[in-house]
file data-v4.cif (mmCIF, C-alpha atoms and all ligand atoms)
data_upload
#
loop_
_atom_site.label_atom_id
_atom_site.label_comp_id
_atom_site.auth_asym_id
_atom_site.auth_seq_id
_atom_site.Cartn_x
_atom_site.Cartn_y
_atom_site.Cartn_z
CA MET R 980 165.05 118.47 129.08
CA GLN R 981 167.93 116.56 130.55
CA GLY R 982 166.04 113.39 131.42
CA ARG R 983 162.43 113.15 132.51
CA PHE R 984 160.22 111.96 135.34
CA HIS R 985 158.53 108.55 135.26
CA LEU R 986 155.46 107.05 136.92
CA TYR R 987 157.63 104.37 138.54
CA GLU R 988 159.59 107.04 140.40
CA GLY R 989 156.41 107.75 142.33
CA TYR R 990 155.56 111.15 140.87
CA PRO R 991 151.92 112.00 140.25
CA ILE R 992 151.30 111.84 136.52
CA GLN R 993 150.43 115.56 136.40
CA LYS R 994 153.89 116.40 137.76
CA ILE R 995 155.55 114.18 135.17
CA THR R 996 153.88 116.19 132.43
CA LEU R 997 154.10 119.67 134.00
CA PRO R 998 157.17 120.56 131.87
CA MET R 999 155.04 120.25 128.71
CA ARG R 1000 152.72 122.99 129.93
CA VAL R 1001 155.71 125.13 130.87
CA PHE R 1002 157.06 124.66 127.34
CA LYS R 1003 153.69 125.66 125.91
CA LEU R 1004 153.70 128.85 127.98
CA MET R 1005 157.25 129.55 126.76
CA GLY R 1006 155.99 129.48 123.16
CA VAL R 1007 157.19 126.01 122.15
CA GLN R 1008 155.24 124.72 119.14
CA THR R 1009 156.85 121.35 118.48
CA MET R 1010 157.82 118.70 121.03
CA ILE R 1011 160.55 116.22 120.16
CA MET R 1012 160.80 113.27 122.52
CA THR R 1013 163.07 110.26 122.71
CA ASN R 1014 163.04 107.12 124.82
CA ALA R 1015 164.61 103.72 125.21
CA ALA R 1016 162.24 100.82 124.59
CA GLY R 1017 162.13 97.07 124.34
CA GLY R 1018 161.58 95.73 120.82
CA LEU R 1019 158.47 93.57 120.45
CA ASN R 1020 158.44 93.52 116.66
CA GLN R 1021 160.45 90.47 115.65
CA ASP R 1022 161.91 92.34 112.68
CA PHE R 1023 163.48 94.95 114.96
CA LYS R 1024 167.10 94.69 116.08
CA VAL R 1025 168.83 96.16 119.10
CA GLY R 1026 170.06 99.59 118.03
CA ASP R 1027 167.16 100.26 115.66
CA VAL R 1028 165.51 103.65 115.99
CA MET R 1029 161.72 103.57 115.74
CA ILE R 1030 159.84 106.68 114.69
CA ILE R 1031 156.66 106.46 116.77
CA LYS R 1032 153.59 106.59 114.56
CA ASP R 1033 151.04 105.79 117.28
CA HIS R 1034 150.80 104.63 120.86
CA ILE R 1035 148.91 102.29 123.19
CA ASN R 1036 148.30 103.96 126.53
CA MET R 1037 148.01 101.02 128.95
CA PRO R 1038 147.79 103.15 132.13
CA GLY R 1039 145.04 105.09 130.36
CA PHE R 1040 142.98 101.89 130.13
CA ALA R 1041 143.01 101.86 133.94
CA GLY R 1042 142.03 105.52 134.23
CA VAL R 1043 145.55 106.84 134.76
CA SER R 1044 145.81 109.92 132.54
CA PRO R 1045 147.58 113.25 133.01
CA LEU R 1046 144.33 114.90 131.92
CA CYS R 1047 142.24 113.40 134.75
CA GLY R 1048 140.61 116.00 136.96
CA PRO R 1049 139.06 119.32 136.05
CA ASN R 1050 140.04 120.34 132.51
CA GLU R 1051 142.51 123.23 132.20
CA ASP R 1052 140.63 125.16 129.52
CA ARG R 1053 143.60 127.55 129.24
CA PHE R 1054 145.51 124.74 127.53
CA GLY R 1055 142.99 122.68 125.62
CA VAL R 1056 139.66 120.93 125.33
CA ARG R 1057 138.15 118.37 127.73
CA PHE R 1058 138.25 115.51 125.22
CA PRO R 1059 141.30 115.87 122.96
CA CYS R 1060 141.68 113.73 119.84
CA MET R 1061 144.66 111.36 119.78
CA SER R 1062 144.29 109.78 116.34
CA ASP R 1063 146.83 112.24 114.94
CA ALA R 1064 149.10 112.39 117.98
CA TYR R 1065 152.37 111.88 116.07
CA ASP R 1066 152.72 114.47 113.32
CA ARG R 1067 152.68 112.84 109.89
CA GLU R 1068 154.75 115.60 108.25
CA LEU R 1069 157.50 115.37 110.87
CA ARG R 1070 157.58 111.59 110.56
CA GLY R 1071 158.04 111.89 106.81
CA LEU R 1072 160.71 114.52 107.27
CA ALA R 1073 162.57 112.32 109.77
CA LEU R 1074 162.55 109.40 107.33
CA ALA R 1075 163.92 111.66 104.59
CA VAL R 1076 166.59 113.17 106.86
CA GLY R 1077 167.50 109.67 108.10
CA ALA R 1078 167.93 108.47 104.51
CA GLU R 1079 170.16 111.45 103.69
CA LEU R 1080 172.32 110.68 106.70
CA GLY R 1081 172.62 107.01 105.69
CA PHE R 1082 170.56 105.79 108.65
CA SER R 1083 167.82 103.99 106.69
CA ASP R 1084 169.14 100.56 107.70
CA PHE R 1085 168.22 101.11 111.33
CA LEU R 1086 165.36 103.61 111.02
CA LYS R 1087 161.91 102.03 111.48
CA GLU R 1088 158.36 103.16 112.21
CA GLY R 1089 155.98 101.62 114.71
CA VAL R 1090 153.61 101.66 117.65
CA TYR R 1091 154.89 102.35 121.18
CA CYS R 1092 153.12 100.94 124.22
CA VAL R 1093 153.60 102.54 127.64
CA LEU R 1094 153.42 100.57 130.88
CA GLY R 1095 154.01 101.79 134.41
CA GLY R 1096 157.24 99.90 135.12
CA PRO R 1097 159.65 99.68 136.84
CA SER R 1098 159.67 95.91 136.34
CA PHE R 1099 160.38 94.79 132.81
CA GLU R 1100 157.68 92.68 131.17
CA THR R 1101 157.04 88.99 131.59
CA ILE R 1102 157.16 86.78 128.53
CA ALA R 1103 153.36 86.49 128.53
CA GLU R 1104 153.03 90.28 128.70
CA CYS R 1105 155.41 90.75 125.76
CA ARG R 1106 153.49 88.25 123.68
CA MET R 1107 150.20 89.93 124.55
CA LEU R 1108 151.47 93.42 123.72
CA ASN R 1109 152.84 92.25 120.40
CA ARG R 1110 149.50 90.66 119.50
CA LEU R 1111 147.77 93.91 120.45
CA GLY R 1112 149.79 95.71 117.81
CA ALA R 1113 152.68 97.20 119.77
CA ASP R 1114 156.13 97.21 118.17
CA ALA R 1115 157.98 98.53 121.22
CA VAL R 1116 157.32 98.81 124.94
CA GLY R 1117 158.54 101.39 127.42
CA MET R 1118 157.78 103.44 130.50
CA SER R 1119 157.44 107.03 129.30
CA THR R 1120 156.62 109.50 126.52
CA VAL R 1121 152.89 108.81 126.07
CA HIS R 1122 151.80 110.96 129.03
CA GLU R 1123 153.99 113.77 127.70
CA VAL R 1124 152.51 113.40 124.22
CA ILE R 1125 148.94 113.51 125.58
CA VAL R 1126 149.56 116.75 127.47
CA SER R 1127 151.45 118.28 124.53
CA ARG R 1128 148.65 117.43 122.09
CA HIS R 1129 146.04 118.71 124.53
CA ALA R 1130 147.91 122.02 124.45
CA GLY R 1131 148.08 122.04 120.63
CA MET R 1132 151.79 121.30 120.24
CA ARG R 1133 153.01 119.07 117.43
CA CYS R 1134 154.71 115.87 118.57
CA PHE R 1135 157.52 113.82 117.17
CA ALA R 1136 159.01 110.91 119.11
CA LEU R 1137 161.71 108.30 118.64
CA SER R 1138 162.29 105.02 120.46
CA LEU R 1139 165.74 103.58 120.58
CA ILE R 1140 165.28 99.80 120.60
CA SER R 1141 167.69 99.21 123.45
CA ASN R 1142 166.88 95.53 123.99
CA LYS R 1143 164.72 92.82 122.50
CA ALA R 1144 161.66 91.93 124.53
CA VAL R 1145 161.93 88.29 125.55
CA MET R 1146 159.11 86.35 123.89
CA ASP R 1147 160.31 82.79 124.19
CA TYR R 1148 160.28 80.61 127.33
CA ASP R 1149 163.45 78.85 126.18
CA SER R 1150 165.38 82.10 125.80
CA GLU R 1151 168.28 82.80 128.14
CA GLU R 1152 168.02 86.54 127.44
CA ARG R 1153 166.96 88.83 130.29
CA ALA R 1154 165.96 92.50 129.99
CA ASN R 1155 168.31 94.65 132.04
CA HIS R 1156 169.02 98.34 132.46
CA GLU R 1157 172.75 97.98 131.71
CA GLU R 1158 171.94 96.85 128.16
CA VAL R 1159 169.56 99.81 127.82
CA LEU R 1160 172.32 102.24 128.82
CA GLU R 1161 174.92 100.55 126.62
CA THR R 1162 172.72 100.67 123.48
CA GLY R 1163 172.05 104.34 124.27
CA ARG R 1164 175.77 105.05 124.35
CA LEU R 1165 176.33 103.24 121.04
CA ARG R 1166 173.66 105.19 119.14
CA ALA R 1167 173.93 108.54 120.97
CA GLU R 1168 175.96 110.34 118.32
CA GLN R 1169 173.75 109.23 115.41
CA LEU R 1170 170.57 110.06 117.32
CA GLU R 1171 171.93 113.51 118.10
CA LYS R 1172 172.75 114.02 114.41
CA LEU R 1173 169.28 112.86 113.34
CA VAL R 1174 167.47 115.13 115.80
CA SER R 1175 169.66 118.19 115.21
CA THR R 1176 169.36 117.87 111.41
CA LEU R 1177 165.60 117.42 111.75
CA VAL R 1178 165.32 120.51 113.96
CA GLY R 1179 167.18 122.51 111.31
CA ARG R 1180 164.55 121.52 108.72
CA ILE R 1181 161.39 122.11 110.75
CA GLU R 1182 159.24 124.97 109.57
CA PRO R 1183 157.39 127.03 112.20
CA ASN R 1184 153.99 125.53 113.01
CA ASN R 1185 151.59 128.08 111.65
CA ASN R 1186 148.62 126.01 112.82
CA ALA R 1187 149.68 126.07 116.47
CA CYS R 1188 147.06 127.24 118.95
O1 LIG R 1201 162.81 107.54 129.92
P1 LIG R 1201 162.87 106.32 129.06
O2 LIG R 1201 161.52 105.84 128.68
O3 LIG R 1201 163.77 106.51 127.87
O4 LIG R 1201 163.58 105.19 129.96
C1 LIG R 1201 163.38 103.81 129.79
C2 LIG R 1201 162.34 103.37 130.83
C3 LIG R 1201 163.20 103.26 132.07
O5 LIG R 1201 163.40 104.50 132.66
C4 LIG R 1201 164.48 102.73 131.55
C5 LIG R 1201 164.54 101.24 131.66
O6 LIG R 1201 165.80 100.75 131.30
O7 LIG R 1201 164.53 103.10 130.16
N1 LIG R 1202 158.89 98.56 129.74
C1 LIG R 1202 160.09 98.53 129.17
N2 LIG R 1202 160.81 99.63 129.16
C2 LIG R 1202 162.01 99.58 128.58
N3 LIG R 1202 162.93 100.55 128.41
C3 LIG R 1202 163.97 99.99 127.77
N4 LIG R 1202 163.76 98.70 127.50
C4 LIG R 1202 162.53 98.41 128.00
C5 LIG R 1202 161.74 97.23 128.03
O1 LIG R 1202 162.11 96.15 127.56
N5 LIG R 1202 160.53 97.35 128.63
#
call {"tool": "encode", "arguments": {"input": "data-v4.cif", "output": "structure tokens", "more": "lines below"}}
Ligand SMILES: O=P(O)(O)O[C@@H]1C[C@H](O)[C@@H](CO)O1
Ligand SMILES: Nc1nc2[nH]cnc2c(=O)[nH]1
result
Amino acid sequence: MQGRFHLYEGYPIQKITLPMRVFKLMGVQTMIMTNAAGGLNQDFKVGDVMIIKDHINMPGFAGVSPLCGPNEDRFGVRFPCMSDAYDRELRGLALAVGAELGFSDFLKEGVYCVLGGPSFETIAECRMLNRLGADAVGMSTVHEVIVSRHAGMRCFALSLISNKAVMDYDSEERANHEEVLETGRLRAEQLEKLVSTLVGRIEPNNNAC
């Protein structure tokens, strides 16, 4: 996809995730997703690339899920499991490929938390999310992962840490979209190399539904 839809743009969540079901019908077995995210983990630096190992679905806590409504049995079960949402094998492969490419210095693993946006987080929100176990915060990806997993596709996702979440009341730093875009430009070539090399190494998913 060239870009994606977001909740903050006003789309119903089922429309945001419709492309995943189209991909499933086209025969796609493995979804690879990327996003820009704010770094909550104090060990993360701007420009780090976080392999997502798990997520916290904040809108889900409030009953906002792409799977709300009658279940589409053609795609998957009513109550899909999410404890293995981010494929362990693909995460391992990405770490290995990243090491081969000399990217280990900026390749991390962690937990992504999705919020609705479009406002960036307050300092209190960042502190809370960090204490809850999130390493990065953003406005996408999780809904897409949920629908992909529901349909039996494997998922792999990367967060580019485009800015550091502000956690300190004395800080002069302010989250802003220009910094997000600039960090994206700086890492674009390496991210492209990482993903294209990874794709070249992925075996077909023989367990796909
Ligand atoms: O689509 P992603 O999650 O990569 O985009 C993030 C969330 C907002 O669209 C934007 C904020 O700068 O970056
Ligand atoms: N919610 C959120 N989304 C982002 N996308 C890029 N940076 C950020 C951030 O700091 N917070």
call {"tool": "residues_near_ligand", "arguments": {"input": "data-v4.cif", "ligand": "ligand LIG 1202 (chain R)", "cutoff": "10 Å", "atoms": "all atoms listed in the file", "output": "PyMOL selection string"}}
result
chain R and resi 1014-1019+1092-1101+1105+1115-1119+1138-1145+1153-1160+1162-1163
call {"tool": "residues_around", "arguments": {"input": "data-v4.cif", "residues": "Leu1111 (chain R)", "least_positions_apart": "3", "cutoff": "12 Å", "atoms": "all atoms listed in the file", "output": "list of chain:residue names"}}
result
R:Leu1019, R:Asn1020, R:His1034, R:Ile1035, R:Asn1036, R:Met1037, R:Val1090, R:Tyr1091, R:Cys1092, R:Glu1104, R:Cys1105, R:Arg1106, R:Met1107, R:Leu1108, R:Asp1114, R:Ala1115, R:Val1116
call {"tool": "atom_distance", "arguments": {"input": "data-v4.cif", "atom1": "CA of His1122 (chain R)", "atom2": "CA of Met1029 (chain R)"}}
result
18.2 Å
call {"tool": "residues_near_point", "arguments": {"input": "data-v4.cif", "point": "(151.7, 119.9, 115.8)", "cutoff": "9 Å", "atoms": "all atoms listed in the file", "output": "ChimeraX atom specification"}}
result
/R:1008-1010,1064-1066,1069,1127-1128,1131-1135,1184,1186-1187
call {"tool": "axis_aligned_box", "arguments": {"input": "data-v4.cif", "around": "ligand LIG 1201 (chain R)", "padding_each_side": "6 Å", "output": "AutoDock Vina command-line options"}}
result
--center_x 163.7 --center_y 104.1 --center_z 130.3 --size_x 16.3 --size_y 18.8 --size_z 16.8
call {"tool": "atom_distance", "arguments": {"input": "data-v4.cif", "atom1": "CA of Lys1032 (chain R)", "atom2": "CA of Arg1070 (chain R)"}}
result
7.5 Å
call {"tool": "closest_residue", "arguments": {"input": "data-v4.cif", "among": "R:Ala1136, R:Leu1004, R:Ser1083, R:Thr1120", "to": "ligand LIG 1201 (chain R)", "atoms": "all atoms listed in the file"}}
result
R:Thr1120
call {"tool": "atom_distance", "arguments": {"input": "data-v4.cif", "atom1": "atom O2 of ligand LIG 1201 (chain R)", "atom2": "CA of Val1007 (chain R)"}}
result
21.6 Å
call {"tool": "residues_around", "arguments": {"input": "data-v4.cif", "residues": "Arg1000 (chain R)", "least_positions_apart": "3", "cutoff": "8 Å", "atoms": "all atoms listed in the file", "output": "list in words"}}
result
Thr996, Leu997, Lys1003, Leu1004, Phe1054, Val1126, Ser1127 and Ala1130 of chain R
call {"tool": "closest_residue", "arguments": {"input": "data-v4.cif", "among": "R:Cys1060, R:Leu1137, R:Ala1041, R:Ile1102", "to": "Leu1173 (chain R)", "atoms": "only C-alpha atoms"}}
result
R:Leu1137
call {"tool": "residues_near_point", "arguments": {"input": "data-v4.cif", "point": "(173.4, 103.9, 119.2)", "cutoff": "10 Å", "atoms": "all atoms listed in the file", "output": "PyMOL selection string"}}
result
chain R and resi 1025-1028+1085+1139-1141+1160-1171
call {"tool": "closest_residue", "arguments": {"input": "data-v4.cif", "among": "R:Val1056, R:Gln993, R:Met1012, R:Ile1181", "to": "ligand LIG 1201 (chain R)", "atoms": "all atoms listed in the file"}}
result
R:Met1012
call {"tool": "closest_residue", "arguments": {"input": "data-v4.cif", "among": "R:Val1121, R:Tyr990, R:Ala1103, R:Gly1042", "to": "ligand LIG 1201 (chain R)", "atoms": "only C-alpha atoms and all ligand atoms"}}
result
R:Val1121
call {"tool": "residues_around", "arguments": {"input": "data-v4.cif", "residues": "region 1057-1059 of chain R", "least_positions_apart": "2", "cutoff": "12 Å", "atoms": "all atoms listed in the file", "output": "list in words"}}
result
Ser1044, Pro1045, Leu1046, Cys1047, Gly1048, Pro1049, Asn1050, Glu1051, Asp1052, Arg1053, Phe1054, Gly1055, Met1061, Ser1062, Asp1063, Ala1064, Val1124, Ile1125, Val1126, Ser1127, Arg1128, His1129, Ala1130 and Gly1131 of chain R
call {"tool": "closest_residue", "arguments": {"input": "data-v4.cif", "among": "R:Met999, R:Thr1176, R:Pro1183, R:Glu1123", "to": "ligand LIG 1201 (chain R)", "atoms": "all atoms listed in the file"}}
result
R:Glu1123
call {"tool": "closest_residue", "arguments": {"input": "data-v4.cif", "among": "R:Pro998, R:Gly1089, R:Thr1013, R:Asp1084", "to": "ligand LIG 1201 (chain R)", "atoms": "all atoms listed in the file"}}
result
R:Thr1013
call {"tool": "build_atoms", "arguments": {"input": "data-v4.cif", "residues": "region 1146-1166 of chain R", "atoms": "N, CA and C atoms", "output": "short mmCIF file (atom, residue, chain, number, x, y, z; two decimals), in the frame of the given file"}}
result
data_model
loop_
_atom_site.label_atom_id
_atom_site.label_comp_id
_atom_site.auth_asym_id
_atom_site.auth_seq_id
_atom_site.Cartn_x
_atom_site.Cartn_y
_atom_site.Cartn_z
N MET R 1146 160.42 86.89 124.28
CA MET R 1146 159.11 86.35 123.89
C MET R 1146 159.07 84.83 123.95
N ASP R 1147 160.19 84.23 124.33
CA ASP R 1147 160.31 82.79 124.19
C ASP R 1147 160.74 82.19 125.53
N TYR R 1148 159.99 81.19 126.01
CA TYR R 1148 160.28 80.61 127.33
C TYR R 1148 161.62 79.88 127.37
N ASP R 1149 162.16 79.53 126.19
CA ASP R 1149 163.45 78.85 126.18
C ASP R 1149 164.62 79.83 126.11
N SER R 1150 164.31 81.12 125.96
CA SER R 1150 165.38 82.10 125.80
C SER R 1150 166.14 82.30 127.10
N GLU R 1151 167.44 82.51 126.96
CA GLU R 1151 168.28 82.80 128.14
C GLU R 1151 168.40 84.31 128.34
N GLU R 1152 167.89 85.08 127.37
CA GLU R 1152 168.02 86.54 127.44
C GLU R 1152 167.18 87.11 128.58
N ARG R 1153 167.68 88.17 129.20
CA ARG R 1153 166.96 88.83 130.29
C ARG R 1153 167.06 90.34 130.08
N ALA R 1154 165.92 91.04 130.10
CA ALA R 1154 165.96 92.50 129.99
C ALA R 1154 166.72 93.06 131.19
N ASN R 1155 167.57 94.03 130.92
CA ASN R 1155 168.31 94.65 132.04
C ASN R 1155 168.70 96.07 131.67
N HIS R 1156 168.80 96.91 132.69
CA HIS R 1156 169.02 98.34 132.46
C HIS R 1156 170.42 98.62 131.90
N GLU R 1157 171.38 97.76 132.21
CA GLU R 1157 172.75 97.98 131.71
C GLU R 1157 172.76 97.92 130.18
N GLU R 1158 172.01 96.96 129.63
CA GLU R 1158 171.94 96.85 128.16
C GLU R 1158 171.28 98.11 127.57
N VAL R 1159 170.26 98.61 128.27
CA VAL R 1159 169.56 99.81 127.82
C VAL R 1159 170.55 100.98 127.73
N LEU R 1160 171.35 101.13 128.78
CA LEU R 1160 172.32 102.24 128.82
C LEU R 1160 173.40 102.06 127.76
N GLU R 1161 173.85 100.83 127.58
CA GLU R 1161 174.92 100.55 126.62
C GLU R 1161 174.45 100.84 125.18
N THR R 1162 173.23 100.41 124.84
CA THR R 1162 172.72 100.67 123.48
C THR R 1162 172.59 102.18 123.28
N GLY R 1163 172.17 102.87 124.33
CA GLY R 1163 172.05 104.34 124.27
C GLY R 1163 173.40 104.97 123.94
N ARG R 1164 174.43 104.50 124.60
CA ARG R 1164 175.77 105.05 124.35
C ARG R 1164 176.19 104.79 122.90
N LEU R 1165 175.89 103.61 122.39
CA LEU R 1165 176.33 103.24 121.04
C LEU R 1165 175.66 104.08 119.96
N ARG R 1166 174.41 104.45 120.16
CA ARG R 1166 173.66 105.19 119.14
C ARG R 1166 173.58 106.70 119.42
#
